[in-house]
$ cat query_26.pdb   # PDB, C-alpha atoms
MODEL        1
ATOM      1  CA  MET A   1      81.980 -55.225-125.419
ATOM      2  CA  GLY A   2      78.880 -53.320-125.200
ATOM      3  CA  GLU A   3      77.044 -56.191-123.510
ATOM      4  CA  GLY A   4      79.768 -56.689-121.006
ATOM      5  CA  THR A   5      79.707 -53.045-120.199
ATOM      6  CA  GLY A   6      75.930 -53.156-119.839
ATOM      7  CA  LEU A   7      76.144 -56.139-117.530
ATOM      8  CA  ARG A   8      78.731 -54.465-115.500
ATOM      9  CA  GLU A   9      76.612 -51.363-115.279
ATOM     10  CA  ARG A  10      73.527 -53.452-114.469
ATOM     11  CA  ALA A  11      75.448 -55.350-111.849
ATOM     12  CA  LYS A  12      76.726 -52.086-110.553
ATOM     13  CA  GLN A  13      73.200 -50.706-110.429
ATOM     14  CA  GLU A  14      71.873 -53.817-108.749
ATOM     15  CA  SER A  15      74.738 -53.610-106.296
ATOM     16  CA  GLN A  16      73.748 -50.031-105.583
ATOM     17  CA  VAL A  17      70.090 -51.077-105.269
ATOM     18  CA  HIS A  18      70.999 -53.850-102.888
ATOM     19  CA  THR A  19      73.044 -51.426-100.876
ATOM     20  CA  VAL A  20      70.165 -49.016-100.696
ATOM     21  CA  THR A  21      67.805 -51.852 -99.841
ATOM     22  CA  LYS A  22      70.073 -53.053 -97.111
ATOM     23  CA  ALA A  23      70.331 -49.554 -95.842
ATOM     24  CA  LEU A  24      66.536 -49.255 -95.912
ATOM     25  CA  VAL A  25      66.184 -52.607 -94.167
ATOM     26  CA  VAL A  26      68.625 -51.563 -91.509
ATOM     27  CA  PHE A  27      66.801 -48.239 -91.194
ATOM     28  CA  ALA A  28      63.502 -50.084 -91.023
ATOM     29  CA  ALA A  29      64.929 -52.429 -88.393
ATOM     30  CA  LEU A  30      66.141 -49.458 -86.447
ATOM     31  CA  LEU A  31      62.725 -47.842 -86.822
ATOM     32  CA  LEU A  32      61.089 -51.086 -85.643
ATOM     33  CA  VAL A  33      63.373 -51.233 -82.633
ATOM     34  CA  LEU A  34      62.695 -47.602 -81.939
ATOM     35  CA  LEU A  35      58.955 -48.117 -82.504
ATOM     36  CA  SER A  36      58.886 -51.136 -80.209
ATOM     37  CA  ALA A  37      60.731 -49.122 -77.589
ATOM     38  CA  LEU A  38      58.289 -46.285 -78.087
ATOM     39  CA  THR A  39      55.392 -48.725 -77.947
ATOM     40  CA  MET A  40      56.645 -50.215 -74.699
ATOM     41  CA  ALA A  41      57.214 -46.759 -73.280
ATOM     42  CA  TYR A  42      53.763 -45.694 -74.466
ATOM     43  CA  SER A  43      52.153 -48.765 -72.921
ATOM     44  CA  ILE A  44      53.921 -48.146 -69.637
ATOM     45  CA  ASN A  45      53.183 -44.417 -69.815
ATOM     46  CA  ALA A  46      49.541 -45.038 -70.853
ATOM     47  CA  ASP A  47      48.868 -47.184 -67.759
ATOM     48  CA  ARG A  48      50.591 -44.598 -65.637
ATOM     49  CA  ILE A  49      48.671 -41.792 -67.327
ATOM     50  CA  ILE A  50      45.368 -43.650 -66.805
ATOM     51  CA  GLN A  51      46.196 -44.237 -63.149
ATOM     52  CA  ASP A  52      47.304 -40.635 -62.792
ATOM     53  CA  ARG A  53      44.092 -39.499 -64.506
ATOM     54  CA  ARG A  54      42.015 -41.634 -62.156
ATOM     55  CA  SER A  55      43.965 -40.299 -59.203
ATOM     56  CA  ILE A  56      43.501 -36.776 -60.545
ATOM     57  CA  MET A  57      39.763 -37.405 -61.068
ATOM     58  CA  ASP A  58      39.442 -38.857 -57.563
ATOM     59  CA  ALA A  59      41.420 -35.970 -56.196
ATOM     60  CA  LYS A  60      39.238 -33.566 -58.223
ATOM     61  CA  ARG A  61      36.072 -35.248 -56.940
ATOM     62  CA  ALA A  62      37.361 -35.156 -53.370
ATOM     63  CA  SER A  63      38.434 -31.580 -53.956
ATOM     64  CA  ASP A  64      34.995 -30.719 -55.357
ATOM     65  CA  GLU A  65      33.281 -32.368 -52.375
ATOM     66  CA  MET A  66      35.631 -30.614 -50.009
ATOM     67  CA  ALA A  67      35.077 -27.360 -51.891
ATOM     68  CA  SER A  68      31.309 -27.883 -51.697
ATOM     69  CA  SER A  69      31.579 -28.599 -47.970
ATOM     70  CA  LYS A  70      33.825 -25.593 -47.569
ATOM     71  CA  ILE A  71      31.362 -23.482 -49.539
ATOM     72  CA  SER A  72      28.471 -24.710 -47.354
ATOM     73  CA  GLN A  73      30.467 -24.060 -44.215
ATOM     74  CA  ALA A  74      31.483 -20.687 -45.629
ATOM     75  CA  ALA A  75      27.805 -19.901 -46.334
ATOM     76  CA  GLU A  76      26.839 -20.901 -42.793
ATOM     77  CA  GLU A  77      29.748 -18.945 -41.390
ATOM     78  CA  GLN A  78      28.773 -15.985 -43.558
ATOM     79  CA  ALA A  79      25.154 -16.216 -42.317
ATOM     80  CA  ARG A  80      26.407 -16.446 -38.715
ATOM     81  CA  LEU A  81      28.737 -13.523 -39.304
ATOM     82  CA  ASN A  82      25.893 -11.573 -40.922
ATOM     83  CA  GLY A  83      23.749 -12.286 -37.826
ATOM     84  CA  GLN A  84      26.596 -11.170 -35.592
ATOM     85  CA  ILE A  85      27.054  -8.076 -37.734
ATOM     86  CA  GLU A  86      23.338  -7.302 -37.480
ATOM     87  CA  ALA A  87      23.389  -7.884 -33.699
ATOM     88  CA  LEU A  88      26.478  -5.722 -33.407
ATOM     89  CA  ASN A  89      24.803  -3.017 -35.485
ATOM     90  CA  LYS A  90      21.780  -3.142 -33.198
ATOM     91  CA  GLU A  91      24.006  -3.060 -30.131
ATOM     92  CA  LEU A  92      25.927  -0.205 -31.685
ATOM     93  CA  THR A  93      22.669   1.674 -32.241
ATOM     94  CA  SER A  94      21.605   0.926 -28.666
ATOM     95  CA  ARG A  95      24.990   1.999 -27.361
ATOM     96  CA  ALA A  96      24.739   5.196 -29.394
ATOM     97  CA  ALA A  97      21.282   5.898 -27.945
ATOM     98  CA  LYS A  98      22.578   5.082 -24.456
ATOM     99  CA  ILE A  99      25.560   7.346 -24.993
ATOM    100  CA  SER A 100      23.189  10.099 -26.080
ATOM    101  CA  SER A 101      21.057   9.506 -22.993
ATOM    102  CA  LEU A 102      24.133   9.497 -20.778
ATOM    103  CA  GLU A 103      25.314  12.707 -22.379
ATOM    104  CA  SER A 104      21.928  14.275 -21.672
ATOM    105  CA  GLU A 105      21.998  12.956 -18.103
ATOM    106  CA  ARG A 106      25.550  14.215 -17.729
ATOM    107  CA  ALA A 107      24.437  17.660 -18.861
ATOM    108  CA  GLN A 108      21.573  17.535 -16.338
ATOM    109  CA  LEU A 109      23.934  16.408 -13.583
ATOM    110  CA  ILE A 110      26.333  19.185 -14.427
ATOM    111  CA  ALA A 111      23.438  21.644 -14.235
ATOM    112  CA  GLN A 112      22.375  20.105 -10.910
ATOM    113  CA  VAL A 113      25.954  20.322  -9.601
ATOM    114  CA  ARG A 114      26.070  23.973 -10.560
ATOM    115  CA  ALA A 115      22.698  24.540  -8.936
ATOM    116  CA  ALA A 116      23.907  22.675  -5.834
ATOM    117  CA  GLU A 117      27.029  24.824  -5.700
ATOM    118  CA  ASP A 118      24.891  27.927  -6.008
ATOM    119  CA  GLY A 119      22.600  26.535  -3.286
ATOM    120  CA  ARG A 120      25.612  25.749  -1.114
ATOM    121  CA  ALA A 121      26.827  29.296  -1.482
ATOM    122  CA  SER A 122      23.333  30.556  -0.676
ATOM    123  CA  ILE A 123      23.114  28.205   2.322
ATOM    124  CA  ALA A 124      26.505  29.391   3.531
ATOM    125  CA  GLY A 125      25.168  32.943   3.404
ATOM    126  CA  GLN A 126      21.997  31.876   5.181
ATOM    127  CA  ILE A 127      24.074  30.076   7.820
ATOM    128  CA  GLY A 128      25.876  33.323   8.482
ATOM    129  CA  GLN A 129      22.562  35.124   8.746
ATOM    130  CA  LEU A 130      21.225  32.372  11.001
ATOM    131  CA  GLY A 131      24.258  32.748  13.232
ATOM    132  CA  GLU A 132      23.456  36.389  13.697
ATOM    133  CA  THR A 133      19.790  35.495  14.140
ATOM    134  CA  ASN A 134      20.686  32.876  16.754
ATOM    135  CA  ARG A 135      22.690  35.374  18.721
ATOM    136  CA  THR A 136      19.813  37.801  18.548
ATOM    137  CA  GLN A 137      17.378  35.058  19.550
ATOM    138  CA  ALA A 138      19.641  34.062  22.443
ATOM    139  CA  LEU A 139      19.391  37.593  23.763
ATOM    140  CA  LEU A 140      15.631  37.571  23.232
ATOM    141  CA  ILE A 141      15.314  34.144  24.923
ATOM    142  CA  GLN A 142      17.276  35.419  27.896
ATOM    143  CA  ASN A 143      14.964  38.401  28.124
ATOM    144  CA  TYR A 144      11.928  36.114  27.714
ATOM    145  CA  ARG A 145      13.303  33.798  30.390
ATOM    146  CA  ASP A 146      13.685  36.638  32.833
ATOM    147  CA  GLU A 147      10.208  37.875  31.938
ATOM    148  CA  VAL A 148       8.680  34.374  32.213
ATOM    149  CA  THR A 149      10.379  33.845  35.568
ATOM    150  CA  LYS A 150       8.868  37.069  36.753
ATOM    151  CA  LEU A 151       5.461  36.080  35.336
ATOM    152  CA  ARG A 152       5.662  32.683  37.021
ATOM    153  CA  ASP A 153       6.416  34.271  40.338
ATOM    154  CA  ASN A 154       3.456  36.583  39.830
ATOM    155  CA  GLU A 155       1.299  33.622  38.751
ATOM    156  CA  LEU A 156       2.312  31.632  41.829
ATOM    157  CA  ASN A 157       1.371  34.547  44.011
ATOM    158  CA  TYR A 158      -1.913  34.871  42.104
ATOM    159  CA  ARG A 159      -2.644  31.151  42.465
ATOM    160  CA  LYS A 160      -1.935  31.249  46.163
ATOM    161  CA  ARG A 161      -4.339  34.131  46.481
ATOM    162  CA  GLU A 162      -6.841  32.306  44.236
ATOM    163  CA  ILE A 163      -6.582  29.187  46.398
ATOM    164  CA  GLU A 164      -7.240  31.247  49.459
ATOM    165  CA  LEU A 165     -10.255  32.830  47.728
ATOM    166  CA  VAL A 166     -11.510  29.412  46.574
ATOM    167  CA  ASP A 167     -11.252  28.062  50.092
ATOM    168  CA  ARG A 168     -13.138  31.083  51.343
ATOM    169  CA  ASN A 169     -15.714  30.653  48.540
ATOM    170  CA  ASN A 170     -16.109  26.944  49.403
ATOM    171  CA  ASP A 171     -16.763  27.844  53.010
ATOM    172  CA  LEU A 172     -19.351  30.368  51.916
ATOM    173  CA  GLU A 173     -20.923  27.880  49.488
ATOM    174  CA  SER A 174     -21.123  25.310  52.278
ATOM    175  CA  GLN A 175     -22.917  27.831  54.418
ATOM    176  CA  VAL A 176     -25.205  28.715  51.497
ATOM    177  CA  GLU A 177     -25.958  25.017  50.901
ATOM    178  CA  VAL A 178     -26.831  24.553  54.560
ATOM    179  CA  LEU A 179     -29.128  27.542  54.385
ATOM    180  CA  ARG A 180     -30.583  26.240  51.084
ATOM    181  CA  GLN A 181     -31.313  22.828  52.617
ATOM    182  CA  SER A 182     -32.908  24.500  55.590
ATOM    183  CA  THR A 183     -35.010  26.657  53.267
ATOM    184  CA  ARG A 184     -36.008  23.584  51.221
ATOM    185  CA  ALA A 185     -37.032  21.707  54.342
ATOM    186  CA  LEU A 186     -39.111  24.702  55.433
ATOM    187  CA  GLN A 187     -40.656  24.904  51.923
ATOM    188  CA  GLU A 188     -41.531  21.189  52.023
ATOM    189  CA  GLN A 189     -43.088  21.620  55.428
ATOM    190  CA  LEU A 190     -45.019  24.641  54.151
ATOM    191  CA  VAL A 191     -46.218  22.761  51.022
ATOM    192  CA  GLU A 192     -47.204  19.776  53.142
ATOM    193  CA  ALA A 193     -49.103  22.019  55.502
ATOM    194  CA  ARG A 194     -50.890  23.698  52.615
ATOM    195  CA  ARG A 195     -51.707  20.331  51.013
ATOM    196  CA  THR A 196     -53.003  19.016  54.317
ATOM    197  CA  ILE A 197     -55.169  22.074  54.710
ATOM    198  CA  ASP A 198     -56.473  21.793  51.128
ATOM    199  CA  ALA A 199     -57.136  18.043  51.395
ATOM    200  CA  GLY A 200     -58.826  18.418  54.755
ATOM    201  CA  GLY A 201     -56.606  15.820  56.393
ATOM    202  CA  VAL A 202     -57.048  13.167  53.680
ATOM    203  CA  ALA A 203     -53.352  13.088  52.819
ATOM    204  CA  LEU A 204     -52.368  12.429  56.421
ATOM    205  CA  GLY A 205     -54.851   9.619  56.598
ATOM    206  CA  ALA A 206     -53.492   8.155  53.383
ATOM    207  CA  LEU A 207     -49.920   8.337  54.668
ATOM    208  CA  GLY A 208     -50.631   6.751  58.000
ATOM    209  CA  GLY A 209     -53.767   4.731  57.203
ATOM    210  CA  SER A 210     -54.348   1.235  58.460
ATOM    211  CA  SER A 211     -54.765  -0.237  54.997
ATOM    212  CA  GLY A 212     -50.945  -0.087  54.347
ATOM    213  CA  GLY A 213     -51.502   0.437  50.563
ATOM    214  CA  PRO A 214     -49.503   2.844  48.374
ATOM    215  CA  TYR A 215     -50.105   6.536  48.549
ATOM    216  CA  THR A 216     -52.676   7.793  46.034
ATOM    217  CA  PRO A 217     -52.691  11.517  45.161
ATOM    218  CA  SER A 218     -55.937  13.440  45.171
ATOM    219  CA  ILE A 219     -55.236  14.860  41.663
ATOM    220  CA  ALA A 220     -54.128  13.355  38.348
ATOM    221  CA  LEU A 221     -50.335  13.636  37.909
ATOM    222  CA  ALA A 222     -48.664  14.314  34.554
ATOM    223  CA  GLY A 223     -44.983  14.764  33.845
ATOM    224  CA  THR A 224     -42.162  13.695  31.497
ATOM    225  CA  VAL A 225     -38.943  11.679  31.795
ATOM    226  CA  ASN A 226     -35.869  13.906  32.117
ATOM    227  CA  LYS A 227     -33.273  11.143  31.736
ATOM    228  CA  VAL A 228     -32.840   7.358  31.931
ATOM    229  CA  PHE A 229     -29.843   5.718  33.656
ATOM    230  CA  GLN A 230     -28.777   2.558  35.461
ATOM    231  CA  ASP A 231     -28.308   2.257  39.202
ATOM    232  CA  PRO A 232     -24.576   1.535  39.730
ATOM    233  CA  ALA A 233     -25.235  -0.647  42.784
ATOM    234  CA  THR A 234     -28.268  -2.715  41.755
ATOM    235  CA  LYS A 235     -27.830  -2.394  37.933
ATOM    236  CA  LYS A 236     -31.579  -1.709  37.723
ATOM    237  CA  PRO A 237     -32.983   0.735  35.168
ATOM    238  CA  MET A 238     -33.760   4.092  36.762
ATOM    239  CA  ALA A 239     -35.277   7.358  35.555
ATOM    240  CA  GLU A 240     -35.682  10.946  36.655
ATOM    241  CA  ILE A 241     -39.010  12.758  36.102
ATOM    242  CA  ASN A 242     -39.876  16.461  36.266
ATOM    243  CA  ILE A 243     -42.537  16.336  39.013
ATOM    244  CA  GLY A 244     -41.958  16.182  42.780
ATOM    245  CA  THR A 245     -43.504  16.960  46.136
ATOM    246  CA  ASN A 246     -44.973  20.193  44.745
ATOM    247  CA  ASN A 247     -47.114  17.889  42.565
ATOM    248  CA  GLN A 248     -48.079  15.521  45.473
ATOM    249  CA  VAL A 249     -45.481  12.887  44.486
ATOM    250  CA  ARG A 250     -44.390  10.668  47.397
ATOM    251  CA  GLU A 251     -41.857   7.859  47.868
ATOM    252  CA  GLY A 252     -43.289   4.461  46.971
ATOM    253  CA  MET A 253     -45.858   5.912  44.600
ATOM    254  CA  GLU A 254     -46.496   3.877  41.441
ATOM    255  CA  LEU A 255     -46.819   5.837  38.193
ATOM    256  CA  THR A 256     -47.292   4.814  34.564
ATOM    257  CA  VAL A 257     -44.826   5.523  31.738
ATOM    258  CA  SER A 258     -46.418   5.797  28.294
ATOM    259  CA  ARG A 259     -45.560   6.973  24.788
ATOM    260  CA  GLY A 260     -48.612   8.288  22.979
ATOM    261  CA  ASP A 261     -51.354   5.725  23.598
ATOM    262  CA  GLN A 262     -48.856   2.901  24.183
ATOM    263  CA  PHE A 263     -48.009   1.608  27.669
ATOM    264  CA  VAL A 264     -44.245   1.321  28.218
ATOM    265  CA  ALA A 265     -43.490   0.508  31.894
ATOM    266  CA  LYS A 266     -44.250   1.232  35.531
ATOM    267  CA  PHE A 267     -42.352   3.845  37.557
ATOM    268  CA  ILE A 268     -41.856   3.283  41.320
ATOM    269  CA  VAL A 269     -40.776   6.488  43.099
ATOM    270  CA  SER A 270     -37.768   5.999  45.405
ATOM    271  CA  ARG A 271     -36.528   9.564  45.997
ATOM    272  CA  VAL A 272     -38.470  12.856  45.810
ATOM    273  CA  ASP A 273     -37.485  16.522  45.651
ATOM    274  CA  LEU A 274     -39.645  19.609  45.245
ATOM    275  CA  ASN A 275     -39.657  19.617  41.419
ATOM    276  CA  TRP A 276     -38.201  16.201  40.447
ATOM    277  CA  SER A 277     -38.316  12.552  41.454
ATOM    278  CA  VAL A 278     -36.144   9.471  40.901
ATOM    279  CA  GLY A 279     -37.429   5.932  40.770
ATOM    280  CA  GLU A 280     -37.101   2.408  39.401
ATOM    281  CA  ILE A 281     -38.437   1.384  35.977
ATOM    282  CA  ARG A 282     -40.293  -1.912  35.920
ATOM    283  CA  TYR A 283     -40.991  -3.456  32.518
ATOM    284  CA  LEU A 284     -43.964  -5.789  32.180
ATOM    285  CA  GLU A 285     -43.233  -6.925  28.601
ATOM    286  CA  VAL A 286     -39.827  -8.610  28.273
ATOM    287  CA  GLY A 287     -38.498 -10.285  25.127
ATOM    288  CA  ARG A 288     -35.690 -12.773  24.535
ATOM    289  CA  GLY A 289     -32.583 -12.420  26.703
ATOM    290  CA  GLY A 290     -34.499 -10.464  29.337
ATOM    291  CA  GLN A 291     -34.477  -7.290  27.248
ATOM    292  CA  PRO A 292     -37.646  -5.145  27.318
ATOM    293  CA  LYS A 293     -39.614  -4.966  24.107
ATOM    294  CA  ASN A 294     -40.063  -1.205  24.466
ATOM    295  CA  GLU A 295     -37.552   0.776  26.544
ATOM    296  CA  VAL A 296     -38.264   4.024  28.388
ATOM    297  CA  ARG A 297     -36.856   7.084  26.615
ATOM    298  CA  GLN A 298     -36.367  10.734  27.438
ATOM    299  CA  ASN A 299     -39.532  12.853  27.120
ATOM    300  CA  ASP A 300     -41.849   9.827  27.629
ATOM    301  CA  ARG A 301     -45.036  10.763  29.539
ATOM    302  CA  VAL A 302     -45.303   9.855  33.259
ATOM    303  CA  GLY A 303     -48.410  10.105  35.398
ATOM    304  CA  THR A 304     -51.504   8.502  36.894
ATOM    305  CA  LEU A 305     -54.372   7.133  34.891
ATOM    306  CA  SER A 306     -56.981   9.172  36.840
ATOM    307  CA  ALA A 307     -57.277  11.133  40.087
ATOM    308  CA  LYS A 308     -58.501   9.337  43.169
TER     309      LYS A 308
ENDMDL
END

$ encode --input "query_26.pdb" --output "structure tokens"
Amino acid sequence: MGEGTGLRERAKQESQVHTVTKALVVFAALLLVLLSALTMAYSINADRIIQDRRSIMDAKRASDEMASSKISQAAEEQARLNGQIEALNKELTSRAAKISSLESERAQLIAQVRAAEDGRASIAGQIGQLGETNRTQALLIQNYRDEVTKLRDNELNYRKREIELVDRNNDLESQVEVLRQSTRALQEQLVEARRTIDAGGVALGALGGSSGGPYTPSIALAGTVNKVFQDPATKKPMAEINIGTNNQVREGMELTVSRGDQFVAKFIVSRVDLNWSVGEIRYLEVGRGGQPKNEVRQNDRVGTLSAK
């Protein structure tokens, strides 16, 4: 009985063990199914995760490159903006200085406007004074006009009288000139008579001699050139000397012009007065272009080499 009970208990225990084993097998099978499902899901999810990671890495790389480009662009933009800020600061400083200058100029203009207004007021006062002055001057001008008209009438009367006196004076001067010419002619005749007496008739013989040569004075002549000029008709060089008939100078006489010990030219008398003579200058030494080498000047000596 005891063995049968033990067998039954052993069988019962084995039956319980088999039940537990079956349960464990079923649980293991379920775990395997679940594990295979998880494995399949993991495999699928792993590929997806790897692809997502690669996509994320590519996106991160692209994002980093874009960020780097953005940073570079931002740096350039910042530098450009800094340059603009610096330029704007400079312009602001310049504008401030210009504003200060304009303010100063505005103050000066305001002062000038005030001065101009004061000047305008002063000018207005002066205009009033000038109006009064003009009226006064108009009265004075009218008085001056009347006085000048009177003076002109008096001057016209004076000039008429002066003209009459000048005409009378001219008539008297004409008469005096006639008397002077007559006196000169008488003086020349007297000098000629005295010279003829002194020369014992030699001068008359020389003037009317048969030889026909130029007149030669009995004494040495010496004078100076008063002035040198040109004959307007013949364009020949002429001169006036300070000796005349009182010094036995005659028309056609040939004299010598010298300066110191140097011979300058010949002087041919063409017109004679009592104390002066006029004649032609003849140069013997002529340079290029027909110009004399040594021209006659005022105060040059004129005369004869020796008395004959």

$ resolve_selection --input "query_26.pdb" --expression "the PyMOL selection byres ((chain A and resi 262) around 12)" --output "list in words"
Thr256, Val257, Ser258, Arg259, Gly260, Asp261, Phe263, Val264, Ala265, Asn294, Glu295, Val296, Asp300, Arg301 and Val302 of chain A

$ atom_distance --input "query_26.pdb" --atom1 "CA of Arg271 (chain A)" --atom2 "CA of Val249 (chain A)"
9.7 Å

$ atom_distance --input "query_26.pdb" --atom1 "CA of Asn242 (chain A)" --atom2 "CA of Ile197 (chain A)"
24.6 Å

$ closest_residue --input "query_26.pdb" --among "A:Gln108, A:Thr224, A:Thr5, A:Gln13" --to "Trp276 (chain A)" --atoms "all atoms listed in the file"
A:Thr224
